[in-house]
$ cat data-v9.cif   # mmCIF, C-alpha atoms and all ligand atoms
data_data
#
loop_
_atom_site.label_atom_id
_atom_site.label_comp_id
_atom_site.auth_asym_id
_atom_site.auth_seq_id
_atom_site.Cartn_x
_atom_site.Cartn_y
_atom_site.Cartn_z
CA MET A 12 -18.20 22.67 16.26
CA ALA A 13 -18.07 20.43 19.29
CA SER A 14 -21.07 18.57 20.63
CA LEU A 15 -22.60 20.61 23.39
CA VAL A 16 -23.76 17.81 25.62
CA SER A 17 -21.48 16.35 28.23
CA PRO A 18 -22.14 12.80 29.40
CA VAL A 19 -22.72 11.81 32.99
CA GLY A 20 -20.43 8.80 32.96
CA PRO A 21 -20.98 5.09 33.17
CA VAL A 22 -23.89 3.83 35.23
CA ASP A 23 -22.98 0.66 37.12
CA LEU A 24 -25.77 -1.88 36.68
CA GLY A 25 -23.93 -4.56 38.65
CA ARG A 26 -22.64 -7.97 37.57
CA ARG A 27 -20.27 -6.63 34.93
CA CYS A 28 -22.81 -4.46 33.11
CA HIS A 29 -22.70 -0.71 32.64
CA ALA A 30 -24.80 1.79 30.73
CA TRP A 31 -23.61 5.01 29.17
CA ILE A 32 -26.42 7.55 29.41
CA PRO A 33 -26.03 11.10 28.06
CA SER A 34 -26.92 13.99 30.31
CA ALA A 35 -29.54 15.28 27.89
CA GLY A 36 -32.18 13.62 25.78
CA GLY A 37 -33.51 14.53 22.37
CA TRP A 38 -32.95 13.41 18.81
CA GLY A 39 -29.65 11.56 18.37
CA MET A 40 -28.72 11.45 22.05
CA SER A 41 -28.39 7.69 22.30
CA ASN A 42 -27.26 5.34 25.04
CA ALA A 43 -24.50 2.76 24.90
CA GLY A 44 -23.47 -0.12 27.13
CA LEU A 45 -20.44 -2.05 28.30
CA VAL A 46 -20.28 -5.70 29.35
CA THR A 47 -16.97 -6.68 30.87
CA GLY A 48 -15.37 -10.08 31.26
CA ARG A 49 -11.93 -11.35 32.23
CA GLY A 50 -9.49 -9.46 30.03
CA GLU A 51 -11.98 -8.20 27.47
CA SER A 52 -15.24 -6.35 27.12
CA LEU A 53 -18.12 -5.81 24.73
CA LEU A 54 -19.37 -2.36 23.78
CA VAL A 55 -23.03 -1.97 22.85
CA ASP A 56 -23.19 0.79 20.22
CA THR A 57 -21.04 3.80 19.48
CA LEU A 58 -22.51 7.31 19.44
CA PHE A 59 -23.67 9.88 16.87
CA ASP A 60 -20.46 11.80 16.42
CA LEU A 61 -16.77 11.56 17.18
CA HIS A 62 -16.81 14.01 20.11
CA LEU A 63 -19.47 12.02 21.93
CA THR A 64 -17.81 8.68 21.20
CA ARG A 65 -14.37 9.91 22.23
CA ALA A 66 -15.78 11.22 25.51
CA MET A 67 -17.56 7.95 26.12
CA LEU A 68 -14.48 5.83 25.50
CA ALA A 69 -12.51 8.09 27.84
CA GLY A 70 -15.23 7.77 30.46
CA LEU A 71 -15.17 3.98 30.13
CA ALA A 72 -11.36 3.80 30.27
CA PRO A 73 -11.25 2.92 34.01
CA LEU A 74 -13.30 -0.18 33.10
CA THR A 75 -11.68 -1.05 29.78
CA GLY A 76 -8.09 -0.62 30.98
CA ALA A 77 -7.99 -4.18 32.28
CA ALA A 78 -10.68 -5.40 29.90
CA PRO A 79 -10.12 -3.79 26.48
CA ILE A 80 -13.03 -3.67 24.04
CA SER A 81 -12.70 -6.80 21.88
CA THR A 82 -16.24 -6.81 20.52
CA VAL A 83 -18.74 -4.14 19.49
CA VAL A 84 -22.40 -4.73 18.75
CA ASN A 85 -24.25 -2.11 16.73
CA THR A 86 -27.87 -2.65 17.73
CA HIS A 87 -29.06 -1.20 14.41
CA GLY A 88 -28.12 0.99 11.47
CA ASN A 89 -29.20 4.47 12.59
CA GLY A 90 -26.19 6.77 12.80
CA ASP A 91 -26.60 7.52 16.49
CA HIS A 92 -25.68 3.88 17.17
CA TRP A 93 -22.62 3.43 14.94
CA PHE A 94 -21.12 6.71 13.67
CA GLY A 95 -18.31 6.38 16.24
CA ASN A 96 -17.21 2.95 14.96
CA GLN A 97 -13.93 4.29 13.57
CA PHE A 98 -12.59 4.51 17.14
CA VAL A 99 -13.20 0.79 17.72
CA ALA A 100 -12.26 -0.47 14.26
CA HIS A 101 -9.73 -2.86 15.85
CA ALA A 102 -12.57 -4.83 17.42
CA GLU A 103 -14.89 -7.42 15.99
CA ILE A 104 -17.93 -5.30 15.10
CA ILE A 105 -21.14 -7.31 14.90
CA ALA A 106 -24.58 -6.42 13.61
CA ALA A 107 -27.65 -8.12 12.26
CA ARG A 108 -27.71 -8.46 8.48
CA GLY A 109 -30.59 -6.00 8.15
CA SER A 110 -28.68 -3.33 10.07
CA LEU A 111 -25.97 -3.40 7.43
CA THR A 112 -28.53 -2.50 4.77
CA ASP A 113 -29.48 0.65 6.70
CA MET A 114 -25.84 1.58 7.30
CA ARG A 115 -25.13 1.39 3.57
CA GLN A 116 -28.20 3.46 2.68
CA ALA A 117 -27.98 6.12 5.41
CA GLY A 118 -24.35 6.61 6.32
CA PRO A 119 -22.59 9.83 7.28
CA ALA A 120 -22.57 11.15 3.67
CA GLU A 121 -26.35 10.86 3.46
CA VAL A 122 -26.80 12.53 6.87
CA ARG A 123 -24.50 15.39 5.82
CA ALA A 124 -26.48 15.76 2.58
CA LEU A 125 -29.78 15.92 4.48
CA LEU A 126 -28.36 18.53 6.83
CA ALA A 127 -27.29 20.66 3.85
CA GLU A 128 -30.66 20.51 2.09
CA ASP A 129 -32.52 23.74 1.43
CA SER A 130 -35.89 22.22 2.26
CA ASP A 131 -38.28 21.77 5.17
CA ALA A 132 -36.61 18.41 5.81
CA GLY A 133 -33.15 20.00 5.84
CA ARG A 134 -34.23 22.82 8.15
CA PHE A 135 -35.88 20.36 10.50
CA ALA A 136 -32.80 18.11 10.47
CA ARG A 137 -30.56 21.10 11.26
CA ARG A 138 -32.81 22.05 14.15
CA ILE A 139 -32.74 18.60 15.76
CA PHE A 140 -29.21 17.49 14.76
CA GLY A 141 -27.42 20.86 14.73
CA ARG A 142 -25.60 20.08 17.98
CA PHE A 143 -23.73 17.13 16.44
CA ASP A 144 -20.61 17.28 14.30
CA HIS A 145 -20.53 14.75 11.45
CA ARG A 146 -17.69 16.26 9.43
CA ASP A 147 -15.04 13.62 10.12
CA VAL A 148 -17.23 10.56 10.56
CA GLN A 149 -15.98 7.65 8.44
CA PRO A 150 -18.44 4.82 7.76
CA VAL A 151 -16.79 1.85 9.49
CA LEU A 152 -19.21 -1.01 8.89
CA PRO A 153 -19.50 -4.19 10.97
CA ASN A 154 -17.04 -6.91 10.02
CA ARG A 155 -19.35 -9.72 11.16
CA VAL A 156 -23.05 -10.10 10.48
CA PHE A 157 -25.41 -12.61 12.02
CA ASP A 158 -28.96 -13.82 11.53
CA GLY A 159 -31.37 -14.91 14.20
CA GLU A 160 -29.45 -15.41 17.41
CA THR A 161 -25.86 -15.85 18.44
CA VAL A 162 -24.18 -16.37 21.80
CA LEU A 163 -20.84 -14.73 22.67
CA ASP A 164 -18.40 -15.50 25.46
CA ILE A 165 -16.87 -12.21 26.58
CA GLY A 166 -14.14 -13.26 28.99
CA GLY A 167 -16.47 -15.68 30.74
CA THR A 168 -19.59 -13.52 30.54
CA GLU A 169 -22.31 -14.94 28.31
CA VAL A 170 -23.92 -12.41 25.99
CA ARG A 171 -26.85 -13.34 23.75
CA LEU A 172 -27.52 -11.31 20.62
CA ILE A 173 -31.05 -11.63 19.30
CA ASP A 174 -31.98 -10.23 15.89
CA VAL A 175 -35.65 -9.30 16.21
CA GLY A 176 -35.91 -8.60 12.48
CA ALA A 177 -37.09 -5.42 10.80
CA ALA A 178 -38.93 -3.29 13.33
CA HIS A 179 -37.63 0.13 14.38
CA SER A 180 -35.13 -0.18 11.51
CA ALA A 181 -34.31 -2.73 8.79
CA GLY A 182 -32.69 -4.94 11.45
CA ASP A 183 -32.68 -4.55 15.24
CA THR A 184 -30.63 -6.48 17.78
CA ILE A 185 -31.21 -6.81 21.48
CA VAL A 186 -28.28 -7.70 23.74
CA HIS A 187 -29.15 -9.96 26.66
CA VAL A 188 -26.79 -10.69 29.55
CA PRO A 189 -28.52 -13.51 31.43
CA SER A 190 -26.18 -13.57 34.44
CA ALA A 191 -26.85 -9.87 35.06
CA ARG A 192 -30.59 -10.12 34.37
CA THR A 193 -30.02 -7.19 32.03
CA VAL A 194 -30.98 -6.40 28.44
CA TYR A 195 -29.83 -3.61 26.13
CA THR A 196 -32.71 -3.01 23.76
CA GLY A 197 -31.39 -0.55 21.18
CA ASP A 198 -34.23 1.53 19.79
CA ILE A 199 -36.88 -1.09 20.31
CA VAL A 200 -37.39 0.88 23.55
CA PHE A 201 -37.44 4.65 24.06
CA VAL A 202 -38.07 6.12 27.51
CA GLY A 203 -39.72 9.53 27.69
CA ALA A 204 -39.61 9.92 23.91
CA THR A 205 -41.83 8.71 21.11
CA PRO A 206 -41.03 5.27 19.71
CA VAL A 207 -40.47 5.33 15.96
CA VAL A 208 -41.00 2.55 13.45
CA TRP A 209 -38.98 3.62 10.41
CA HIS A 210 -39.20 0.24 8.78
CA GLY A 211 -41.69 -2.12 10.40
CA PRO A 212 -43.89 -4.00 10.20
CA PHE A 213 -45.43 -2.95 13.47
CA ALA A 214 -46.05 -6.63 14.20
CA ASN A 215 -42.29 -7.10 14.53
CA GLY A 216 -42.04 -4.18 16.96
CA LEU A 217 -44.83 -5.66 19.05
CA ALA A 218 -43.23 -9.12 18.88
CA ALA A 219 -39.91 -7.61 19.99
CA CYS A 220 -41.65 -6.06 23.00
CA ASP A 221 -43.21 -9.44 23.82
CA LEU A 222 -39.82 -11.10 23.54
CA LEU A 223 -38.33 -8.52 25.94
CA LEU A 224 -41.23 -8.97 28.35
CA GLY A 225 -40.60 -12.72 28.31
CA LEU A 226 -36.92 -12.43 29.23
CA ASP A 227 -35.84 -13.15 32.80
CA VAL A 228 -34.45 -9.65 33.38
CA ASP A 229 -34.79 -6.85 35.91
CA THR A 230 -32.83 -4.12 34.14
CA VAL A 231 -33.68 -2.67 30.76
CA VAL A 232 -31.28 -0.27 29.05
CA PRO A 233 -33.24 1.50 26.32
CA GLY A 234 -31.77 3.02 23.18
CA HIS A 235 -32.68 6.47 24.48
CA GLY A 236 -33.63 7.63 27.96
CA PRO A 237 -32.82 6.48 31.48
CA VAL A 238 -32.22 2.90 32.60
CA THR A 239 -35.55 1.30 33.31
CA THR A 240 -37.51 -1.92 33.78
CA LYS A 241 -40.05 -3.92 31.81
CA LYS A 242 -42.57 -1.21 32.66
CA ALA A 243 -41.10 0.89 29.84
CA VAL A 244 -41.37 -2.03 27.42
CA ARG A 245 -45.07 -2.27 28.19
CA ALA A 246 -45.43 1.47 27.56
CA VAL A 247 -43.79 1.15 24.13
CA ARG A 248 -46.03 -1.79 23.32
CA ASP A 249 -49.09 0.24 24.31
CA TYR A 250 -48.00 3.17 22.10
CA LEU A 251 -47.41 0.93 19.09
CA SER A 252 -50.77 -0.81 19.53
CA TYR A 253 -52.58 2.51 19.90
CA VAL A 254 -50.99 4.12 16.84
CA HIS A 255 -51.54 1.00 14.75
CA GLU A 256 -55.21 0.94 15.66
CA GLU A 257 -55.77 4.68 15.13
CA ALA A 258 -53.90 4.76 11.82
CA THR A 259 -55.69 1.66 10.53
CA ALA A 260 -59.09 3.22 11.25
CA ARG A 261 -58.15 6.34 9.25
CA PHE A 262 -56.70 4.30 6.38
CA THR A 263 -59.95 2.34 6.20
CA ALA A 264 -61.89 5.62 6.14
CA GLY A 265 -59.83 6.81 3.16
CA MET A 266 -57.93 9.57 4.96
CA PRO A 267 -54.45 10.40 3.57
CA ALA A 268 -51.55 9.48 5.86
CA ALA A 269 -50.43 13.09 6.46
CA ASP A 270 -53.98 14.07 7.48
CA ALA A 271 -54.23 11.02 9.73
CA ALA A 272 -51.04 12.03 11.56
CA ARG A 273 -52.55 15.46 12.26
CA ASP A 274 -55.91 13.96 13.20
CA ILE A 275 -54.77 11.35 15.73
CA ARG A 276 -55.03 12.50 19.35
CA LEU A 277 -52.23 10.98 21.38
CA GLY A 278 -54.18 10.80 24.62
CA PRO A 279 -52.09 8.99 27.25
CA PHE A 280 -48.98 9.38 25.06
CA ALA A 281 -49.26 13.16 24.58
CA ASP A 282 -46.38 13.90 26.95
CA LEU A 283 -43.78 11.90 25.01
CA GLU A 284 -41.03 14.01 23.43
CA GLU A 285 -40.50 14.07 19.66
CA SER A 286 -44.20 13.49 19.00
CA GLU A 287 -43.66 14.42 15.33
CA ARG A 288 -42.42 10.84 14.83
CA LEU A 289 -46.11 10.01 14.59
CA ALA A 290 -45.94 11.13 10.92
CA VAL A 291 -43.47 8.33 10.15
CA ASN A 292 -45.32 5.80 12.28
CA VAL A 293 -48.62 6.44 10.54
CA TYR A 294 -47.01 6.18 7.12
CA THR A 295 -45.45 2.84 8.12
CA VAL A 296 -48.89 1.52 9.06
CA TYR A 297 -50.33 2.79 5.75
CA ARG A 298 -47.55 1.07 3.83
CA GLU A 299 -48.35 -2.21 5.57
CA LEU A 300 -52.00 -1.84 4.58
CA ASP A 301 -51.19 -0.74 1.00
CA PRO A 302 -48.03 -2.48 -0.20
CA GLY A 303 -48.15 -0.25 -3.30
CA LEU A 304 -47.00 2.72 -1.20
CA PRO A 305 -43.25 3.27 -1.58
CA PRO A 306 -41.01 3.38 1.49
CA LEU A 307 -39.91 6.86 2.57
CA ASP A 308 -36.28 7.82 2.20
CA GLY A 309 -34.58 9.93 4.88
CA PRO A 310 -35.46 13.36 3.44
CA GLN A 311 -39.08 12.30 2.88
CA SER A 312 -39.38 11.02 6.46
CA PHE A 313 -37.91 14.21 7.89
CA GLY A 314 -40.10 16.30 5.57
CA ARG A 315 -43.22 14.61 6.89
CA MET A 316 -42.12 15.13 10.50
CA ALA A 317 -41.25 18.76 9.77
CA CYS A 318 -44.79 19.29 8.48
CA LEU A 319 -46.29 17.75 11.59
CA ALA A 320 -43.98 19.67 13.94
CA HIS A 321 -44.51 23.00 12.11
CA PRO A 322 -47.66 22.86 9.99
ZN ZN A 401 -31.30 5.88 18.29
#

$ encode --input "data-v9.cif" --output "structure tokens" --more "lines below"
Ligand SMILES: [Zn+2]
Amino acid sequence: MASLVSPVGPVDLGRRCHAWIPSAGGWGMSNAGLVTGRGESLLVDTLFDLHLTRAMLAGLAPLTGAAPISTVVNTHGNGDHWFGNQFVAHAEIIAARGSLTDMRQAGPAEVRALLAEDSDAGRFARRIFGRFDHRDVQPVLPNRVFDGETVLDIGGTEVRLIDVGAAHSAGDTIVHVPSARTVYTGDIVFVGATPVVWHGPFANGLAACDLLLGLDVDTVVPGHGPVTTKKAVRAVRDYLSYVHEEATARFTAGMPAADAARDIRLGPFADLEESERLAVNVYTVYRELDPGLPPLDGPQSFGRMACLAHP
């Protein structure tokens, strides 16, 4: 089965930066980016399956012909940001240390297992991920990890990688190109869709937003959704603050997390797609407030979202 979504092609952001934005949104339809320099380039993320990644690399070929991809950054360890790594295995593939933990725990075998489950979680996963093809995905992990911050020279273009710690996932990296006043945020920022904090703490997600807001940039390439500005970062920050406050109030009142997710009214955020992610977000807040609560594994997270999407 081939992926059904065709990409729109690279979006030229100017000053050697491009974004790769799929023509459709939804679960797993992630963005990527390309930063070119003299004789080499850096790819920000690969995509969720081999069809999508192959199409992207073909679409970028006019840019990478004279500046082959020497470096890949996986912004984090969710499959929609690295499952195409086998096509760029020749490159130096860099990720934050925490991202590697996620990649080892939730690689293509685990995603295939979830998709095969006869459960609410499996049915939900098939509904949202059914358009992707994970059969031939090989887990090609980063061959370089970093902590904190590192600066790369990509053929004369300075690229800063900043590990914002565990927030959306167990380790999230933002990719800042100062000369282009551009930042690639990975899934710290969603546009038009609900932000999700699989790992947390929320404080790290909020701090990551503050860090982004403090950068001297005009262009923000989110992990999902159209190219945007800092306005979208503020919107994510507002969502995280709101959910944290609403979930905390219900925790304090003794309400179970699943009930709290059903009880919270999303108000100004009601139009965001994939609102079922609230179930995971609320649980993450509860886990911060009660460290005795175990983290959710993939099937448990998708089971909770399935319940919220189809009670
Ligand atoms: Zn993503």

$ residues_around --input "data-v9.cif" --residues "A:Leu71" --least-positions-apart "3" --cutoff "8 Å" --atoms "all atoms listed in the file" --output "PyMOL selection string"
chain A and resi 20-21+67-68+74-75

$ residues_near_ligand --input "data-v9.cif" --ligand "ligand ZN 401 (chain A)" --cutoff "8 Å" --atoms "all atoms listed in the file" --output "number ranges by chain"
A: 38-42, 89-92, 197-198, 234-235

$ closest_residue --input "data-v9.cif" --among "A:Arg298, A:Thr196, A:Cys28, A:Leu152" --to "A:Glu169" --atoms "only C-alpha atoms"
A:Cys28

$ closest_residue --input "data-v9.cif" --among "A:Ala69, A:Leu126, A:Val232, A:Ala117" --to "A:Gly309" --atoms "only C-alpha atoms"
A:Ala117

$ atom_distance --input "data-v9.cif" --atom1 "atom CA of A:Ala268" --atom2 "atom CA of A:Val291"
9.2 Å

$ atom_distance --input "data-v9.cif" --atom1 "atom CA of A:Ala178" --atom2 "atom CA of A:Ser286"
18.5 Å

$ residues_around --input "data-v9.cif" --residues "stretch 96-113 of chain A" --least-positions-apart "4" --cutoff "7 Å" --atoms "only C-alpha atoms" --output "VMD selection string"
chain A and resid 57 80 to 88 117 149 151 153 to 158 174 181 to 184

$ residues_near_point --input "data-v9.cif" --point "(-33.8, -8.2, 32.4)" --cutoff "8 Å" --atoms "only C-alpha atoms" --output "VMD selection string"
chain A and resid 187 to 189 191 to 194 223 226 to 231 240 to 241

$ residues_around --input "data-v9.cif" --residues "A:Arg261" --least-positions-apart "4" --cutoff "12 Å" --atoms "all atoms listed in the file" --output "ChimeraX atom specification"
/A:254-257,265-275,293-294,296-297,300

$ closest_residue --input "data-v9.cif" --among "A:Ser130, A:Ser252, A:Ser34, A:Ser190" --to "A:Cys220" --atoms "only C-alpha atoms"
A:Ser252

$ atom_distance --input "data-v9.cif" --atom1 "atom CA of A:Ser180" --atom2 "atom CA of A:His210"
4.9 Å

$ residues_around --input "data-v9.cif" --residues "A:Gly36" --least-positions-apart "3" --cutoff "12 Å" --atoms "all atoms listed in the file" --output "mmCIF file with C-alpha atoms, keeping the file's coordinate frame"
data_model
loop_
_atom_site.group_PDB
_atom_site.id
_atom_site.type_symbol
_atom_site.label_atom_id
_atom_site.label_comp_id
_atom_site.auth_asym_id
_atom_site.auth_seq_id
_atom_site.Cartn_x
_atom_site.Cartn_y
_atom_site.Cartn_z
ATOM 1 C CA VAL A 16 -23.760 17.810 25.620
ATOM 2 C CA SER A 17 -21.480 16.350 28.230
ATOM 3 C CA PRO A 18 -22.140 12.800 29.400
ATOM 4 C CA ILE A 32 -26.420 7.550 29.410
ATOM 5 C CA PRO A 33 -26.030 11.100 28.060
ATOM 6 C CA GLY A 39 -29.650 11.560 18.370
ATOM 7 C CA MET A 40 -28.720 11.450 22.050
ATOM 8 C CA SER A 41 -28.390 7.690 22.300
ATOM 9 C CA ASN A 42 -27.260 5.340 25.040
ATOM 10 C CA ILE A 139 -32.740 18.600 15.760
ATOM 11 C CA PHE A 201 -37.440 4.650 24.060
ATOM 12 C CA VAL A 202 -38.070 6.120 27.510
ATOM 13 C CA GLY A 203 -39.720 9.530 27.690
ATOM 14 C CA ALA A 204 -39.610 9.920 23.910
ATOM 15 C CA THR A 205 -41.830 8.710 21.110
ATOM 16 C CA GLY A 234 -31.770 3.020 23.180
ATOM 17 C CA HIS A 235 -32.680 6.470 24.480
ATOM 18 C CA GLY A 236 -33.630 7.630 27.960
ATOM 19 C CA PRO A 237 -32.820 6.480 31.480
ATOM 20 C CA LEU A 283 -43.780 11.900 25.010
ATOM 21 C CA GLU A 284 -41.030 14.010 23.430
ATOM 22 C CA GLU A 285 -40.500 14.070 19.660
#

$ closest_residue --input "data-v9.cif" --among "A:Pro73, A:Pro150, A:Gly278, A:Gly25" --to "A:Phe59" --atoms "all atoms listed in the file"
A:Pro150

$ closest_residue --input "data-v9.cif" --among "A:Ala78, A:Ala258, A:Leu251, A:Leu54" --to "A:Val208" --atoms "all atoms listed in the file"
A:Leu251

$ closest_residue --input "data-v9.cif" --among "A:Ala72, A:Val238, A:Ala35, A:Ala124" --to "A:Arg142" --atoms "all atoms listed in the file"
A:Ala35

$ residues_near_point --input "data-v9.cif" --point "(-12.7, -13.0, 28.6)" --cutoff "9 Å" --atoms "all atoms listed in the file" --output "JSON list (two decimals) with C-alpha atoms, keeping the file's coordinate frame"
[["chain", "number", "residue", "atom", "x", "y", "z"],
["A", 47, "THR", "CA", -16.97, -6.68, 30.87],
["A", 48, "GLY", "CA", -15.37, -10.08, 31.26],
["A", 49, "ARG", "CA", -11.93, -11.35, 32.23],
["A", 50, "GLY", "CA", -9.49, -9.46, 30.03],
["A", 51, "GLU", "CA", -11.98, -8.20, 27.47],
["A", 52, "SER", "CA", -15.24, -6.35, 27.12],
["A", 78, "ALA", "CA", -10.68, -5.40, 29.90],
["A", 164, "ASP", "CA", -18.40, -15.50, 25.46],
["A", 165, "ILE", "CA", -16.87, -12.21, 26.58],
["A", 166, "GLY", "CA", -14.14, -13.26, 28.99],
["A", 167, "GLY", "CA", -16.47, -15.68, 30.74],
["A", 168, "THR", "CA", -19.59, -13.52, 30.54]]

$ axis_aligned_box --input "data-v9.cif" --around "stretch 102-110 of chain A" --padding-each-side "4 Å" --output "lines of an AutoDock Vina configuration file"
center_x = -21.6
center_y = -5.9
center_z = 12.8
size_x = 26.0
size_y = 13.1
size_z = 17.3

$ residues_around --input "data-v9.cif" --residues "A:Thr295" --least-positions-apart "5" --cutoff "9 Å" --atoms "all atoms listed in the file" --output "tab-separated table (two decimals) with C-alpha atoms, keeping the file's coordinate frame"
chain	number	residue	atom	x	y	z
A	208	VAL	CA	-41.00	2.55	13.45
A	209	TRP	CA	-38.98	3.62	10.41
A	210	HIS	CA	-39.20	0.24	8.78
A	211	GLY	CA	-41.69	-2.12	10.40
A	212	PRO	CA	-43.89	-4.00	10.20
A	213	PHE	CA	-45.43	-2.95	13.47
A	290	ALA	CA	-45.94	11.13	10.92
A	300	LEU	CA	-52.00	-1.84	4.58
A	306	PRO	CA	-41.01	3.38	1.49
A	307	LEU	CA	-39.91	6.86	2.57
